Amino acid sequence: MKGSLAQVWRKVQGCGDWEGLVSPSLHPLLREEIVRYGELVSACYKAFELNSSSSRYLSCKYGKGSMFEEVGMGGSGYDVTRYVYVTAPDIMTSIPSIRPGSCCRGRWVGYVAVASDDMTDRLGRRDILVTFRGTVTSQEWVANLMSSLTPARLDPGDPRPEVQVESGFLGLYTSNECGGSRFGLESCREQLLCEISRLLRKYKGEEVSISIAGHSMGSSLAHLLAYDISELGLNHRAPSSTVPVTVFSYGGPRVGNLGFKQRCEELGVKVLRVVNVHDPVTKLPGVFLNENFRVLGNYELPWSCSCYSHVGVEVLLDFLDVKNPSCVHDLDAYISLVRCPREEGIIHEDGVVGNIFERVMSNVVGNFELCRLRRAASGMVDQFLVQSQGAEFLMDNNFLGWMNCLALYMLM
């Protein structure tokens with residue numbers, strides 16, 4: 001593939017399913033875009049306030065106009081147009097918060113941004129960007145545990161019961177604050193669809209793309225939003241014109257069943273999954289009940305409709321530090337290895353989380369940056385899933401170690 005990004009952006013965004021751009025090696029333009037979108041997701045972690053004494057606790061530390069400058073990304077080329085919040089599904093309202101505050105309080109999970117005029121010239125289109133951070137708060141961890149498939153039913157005119165997604169992720173995406181009171185926070189879904197519709201109307205005369213990027217749990221929300229936009233037809237401009245919708249997933253779990261995957265493909269949703277082969281979160285949910293265990297010979301097994309399935313094209317990474325297992329899921333480690341593929345698989349750069357147990361002990365004595373541990377450990381709790389579809393357990397040599405990580409986390 002030859003040409004500048006502005007000339008070939010549709011291929012980089014997944015037109016053609018990245019054929020020839022991922023294998024045998026990442027195309028330089030695609031590599032740059034994976035790093036760029038990863039850094040835009042990383043901004044969510046840098047800006048998230050976890051100091052419970054702060055008036056901005058569980059929100060963004062900074063205003064929309066200054067957020068990129070404050071996190072050291074003043075040259076990002078995007079303008080934030082809206083912050084996005086999630087609330088706990090109803091089942092979580094009876095679960096005490098580990099930290100002070102109501103469990104139905106909205107928590108900042110990401111932002112919507114749009115490319116500036118200069119960035120639009122460089123990209124070849126006006127890019128509408130949505131980013132999501134991964135699991136950080138206790139209620140989000142509980143949502144990760146809610147591992148059962150449920151019909152998405154996001155289009156009331158065509159509910160499609162065969163399209164099923166993980167119930168915890170769907171709950172975070174669709175739950176309103178405090179039971180949907182008119183004075184409460186709208187659901188994550190309502191916030192996003194409203195803002196994206198507004199931006200599509202604003203830039204209706206321009207070439208536009210919708211890019212959705214997320215890490216860990218945020219990847220799941222990115223999948224749901226991309227499917228939702230396409231199922232509702234919000235990206236349809238004319239009978240023959242469609243705004244491309246692309247997901248950049250970093251260390252993301254499975255989100256739905258085979259019906260969900262097939263419907264995403266029918267709708268033209270493009271998903272690029274950046275995966276560390278040693279990252280357990282990318283193998284969940286559905287350790288056994290997944291796309292690889294649907295068929296035996298020519299016989300489709302009776303539980304195939306209850307099997308989880310990944311969506312999209314995979315970019316495989318390989319990094320592991322046996323002395324520091326938490327790094328396998330760290331977003332900074334993902335970005336570092338994509339940026340510098342010739343470096344050793346064990347990542348020791350400054351952004352990577354250090355030894356999880358040392359950091360827990362540091363937290364006990366009050367000298368610990370909580371956000372980094374939670375970012376690295378986010379999703380690890382999924383190792384202990386008991387799935388309603390078949391009651392499966394993941395039991396391996398690291399099981400007790402991860403159980404210790406979970407127990408220590410819950411004491412924070």
# chains A, B, ... in the order shown; residues from 1 in each chain; ligands from 1
call {"tool": "select_by_dssp", "arguments": {"residues": "region 149-326 of chain A", "states": "alpha helix (DSSP H)", "output": "VMD selection string"}}
result
chain A and resid 167 to 174 188 to 202 217 to 232 258 to 267
call {"tool": "write_last_selection", "arguments": {"atoms": "C-alpha atoms", "output": "PDB file, in the first residue's frame"}}
result
ATOM      1  CA  SER A 167     -24.659  -8.899  30.578  1.00  0.00           C
ATOM      2  CA  GLY A 168     -22.208  -6.950  32.748  1.00  0.00           C
ATOM      3  CA  PHE A 169     -20.844  -4.925  29.834  1.00  0.00           C
ATOM      4  CA  LEU A 170     -24.358  -4.298  28.514  1.00  0.00           C
ATOM      5  CA  GLY A 171     -25.424  -3.107  31.969  1.00  0.00           C
ATOM      6  CA  LEU A 172     -22.613  -0.554  32.128  1.00  0.00           C
ATOM      7  CA  TYR A 173     -23.506   0.637  28.638  1.00  0.00           C
ATOM      8  CA  THR A 174     -27.259   1.025  29.150  1.00  0.00           C
ATOM      9  CA  CYS A 188     -23.536   5.881  28.697  1.00  0.00           C
ATOM     10  CA  ARG A 189     -25.408   4.822  25.583  1.00  0.00           C
ATOM     11  CA  GLU A 190     -27.726   7.830  25.566  1.00  0.00           C
ATOM     12  CA  GLN A 191     -24.853  10.256  26.095  1.00  0.00           C
ATOM     13  CA  LEU A 192     -22.864   8.770  23.224  1.00  0.00           C
ATOM     14  CA  LEU A 193     -25.633   8.400  20.662  1.00  0.00           C
ATOM     15  CA  CYS A 194     -26.755  11.967  21.300  1.00  0.00           C
ATOM     16  CA  GLU A 195     -23.279  13.429  20.856  1.00  0.00           C
ATOM     17  CA  ILE A 196     -22.323  11.327  17.834  1.00  0.00           C
ATOM     18  CA  SER A 197     -25.603  12.196  16.116  1.00  0.00           C
ATOM     19  CA  ARG A 198     -24.939  15.876  16.776  1.00  0.00           C
ATOM     20  CA  LEU A 199     -21.426  15.690  15.323  1.00  0.00           C
ATOM     21  CA  LEU A 200     -22.578  13.773  12.251  1.00  0.00           C
ATOM     22  CA  ARG A 201     -25.145  16.496  11.580  1.00  0.00           C
ATOM     23  CA  LYS A 202     -22.561  19.213  12.133  1.00  0.00           C
ATOM     24  CA  MET A 217     -13.437  -3.178  29.710  1.00  0.00           C
ATOM     25  CA  GLY A 218     -13.307  -0.067  27.524  1.00  0.00           C
ATOM     26  CA  SER A 219     -12.833  -2.299  24.505  1.00  0.00           C
ATOM     27  CA  SER A 220     -16.140  -3.979  25.337  1.00  0.00           C
ATOM     28  CA  LEU A 221     -17.929  -0.633  25.478  1.00  0.00           C
ATOM     29  CA  ALA A 222     -16.292   0.269  22.154  1.00  0.00           C
ATOM     30  CA  HIS A 223     -17.689  -2.909  20.563  1.00  0.00           C
ATOM     31  CA  LEU A 224     -21.181  -2.208  21.885  1.00  0.00           C
ATOM     32  CA  LEU A 225     -21.151   1.398  20.696  1.00  0.00           C
ATOM     33  CA  ALA A 226     -19.906   0.466  17.215  1.00  0.00           C
ATOM     34  CA  TYR A 227     -22.606  -2.194  16.900  1.00  0.00           C
ATOM     35  CA  ASP A 228     -25.264   0.184  18.244  1.00  0.00           C
ATOM     36  CA  ILE A 229     -24.400   2.993  15.822  1.00  0.00           C
ATOM     37  CA  SER A 230     -24.463   0.615  12.872  1.00  0.00           C
ATOM     38  CA  GLU A 231     -27.583  -1.311  13.922  1.00  0.00           C
ATOM     39  CA  LEU A 232     -29.540   1.928  14.330  1.00  0.00           C
ATOM     40  CA  LEU A 258     -21.398 -15.798  17.324  1.00  0.00           C
ATOM     41  CA  GLY A 259     -24.644 -14.013  16.466  1.00  0.00           C
ATOM     42  CA  PHE A 260     -23.122 -10.745  17.675  1.00  0.00           C
ATOM     43  CA  LYS A 261     -19.979 -11.310  15.614  1.00  0.00           C
ATOM     44  CA  GLN A 262     -21.938 -12.171  12.469  1.00  0.00           C
ATOM     45  CA  ARG A 263     -24.216  -9.163  12.833  1.00  0.00           C
ATOM     46  CA  CYS A 264     -21.235  -6.821  13.279  1.00  0.00           C
ATOM     47  CA  GLU A 265     -19.750  -8.218  10.085  1.00  0.00           C
ATOM     48  CA  GLU A 266     -23.053  -7.806   8.221  1.00  0.00           C
ATOM     49  CA  LEU A 267     -23.263  -4.177   9.340  1.00  0.00           C
TER      50      LEU A 267
END
call {"tool": "residues_around", "arguments": {"residues": "region 42-59 of chain A", "least_positions_apart": "6", "cutoff": "6 Å", "atoms": "only C-alpha atoms", "output": "MDAnalysis selection string"}}
result
chainID A and resid 107:108 110 133
call {"tool": "write_last_selection", "arguments": {"atoms": "N, CA, C and O atoms", "output": "mmCIF file, in the first residue's frame"}}
result
data_model
loop_
_atom_site.group_PDB
_atom_site.id
_atom_site.type_symbol
_atom_site.label_atom_id
_atom_site.label_comp_id
_atom_site.auth_asym_id
_atom_site.auth_seq_id
_atom_site.Cartn_x
_atom_site.Cartn_y
_atom_site.Cartn_z
ATOM 1 N N ARG A 107 -19.465 7.619 36.860
ATOM 2 C CA ARG A 107 -18.010 7.589 36.868
ATOM 3 C C ARG A 107 -17.509 7.876 35.456
ATOM 4 O O ARG A 107 -17.992 7.282 34.481
ATOM 5 N N TRP A 108 -16.546 8.761 35.369
ATOM 6 C CA TRP A 108 -16.012 9.156 34.068
ATOM 7 C C TRP A 108 -15.308 7.975 33.426
ATOM 8 O O TRP A 108 -14.449 7.342 34.043
ATOM 9 N N GLY A 110 -14.555 8.048 29.749
ATOM 10 C CA GLY A 110 -13.894 8.414 28.495
ATOM 11 C C GLY A 110 -14.406 9.724 27.944
ATOM 12 O O GLY A 110 -15.008 10.522 28.658
ATOM 13 N N ARG A 133 -11.573 4.094 28.902
ATOM 14 C CA ARG A 133 -10.580 3.454 29.765
ATOM 15 C C ARG A 133 -11.074 2.067 30.156
ATOM 16 O O ARG A 133 -12.216 1.678 29.890
#
call {"tool": "closest_residue", "arguments": {"among": "A:Val315, A:Thr137, A:Pro244, A:Ser309", "to": "Gln164 (chain A)", "atoms": "only C-alpha atoms"}}
result
A:Ser309
call {"tool": "select_by_dssp", "arguments": {"residues": "region 143-328 of chain A", "states": "strand (DSSP E)", "output": "MDAnalysis selection string"}}
result
chainID A and resid 149:151 164:166 208:215 236:238 241:242 245:250 256:257 270:276 295:296 299:300 308:309 313:317
call {"tool": "closest_residue", "arguments": {"among": "A:Pro156, A:Pro341, A:Gly286, A:Gly77", "to": "Met119 (chain A)", "atoms": "only C-alpha atoms"}}
result
A:Gly77
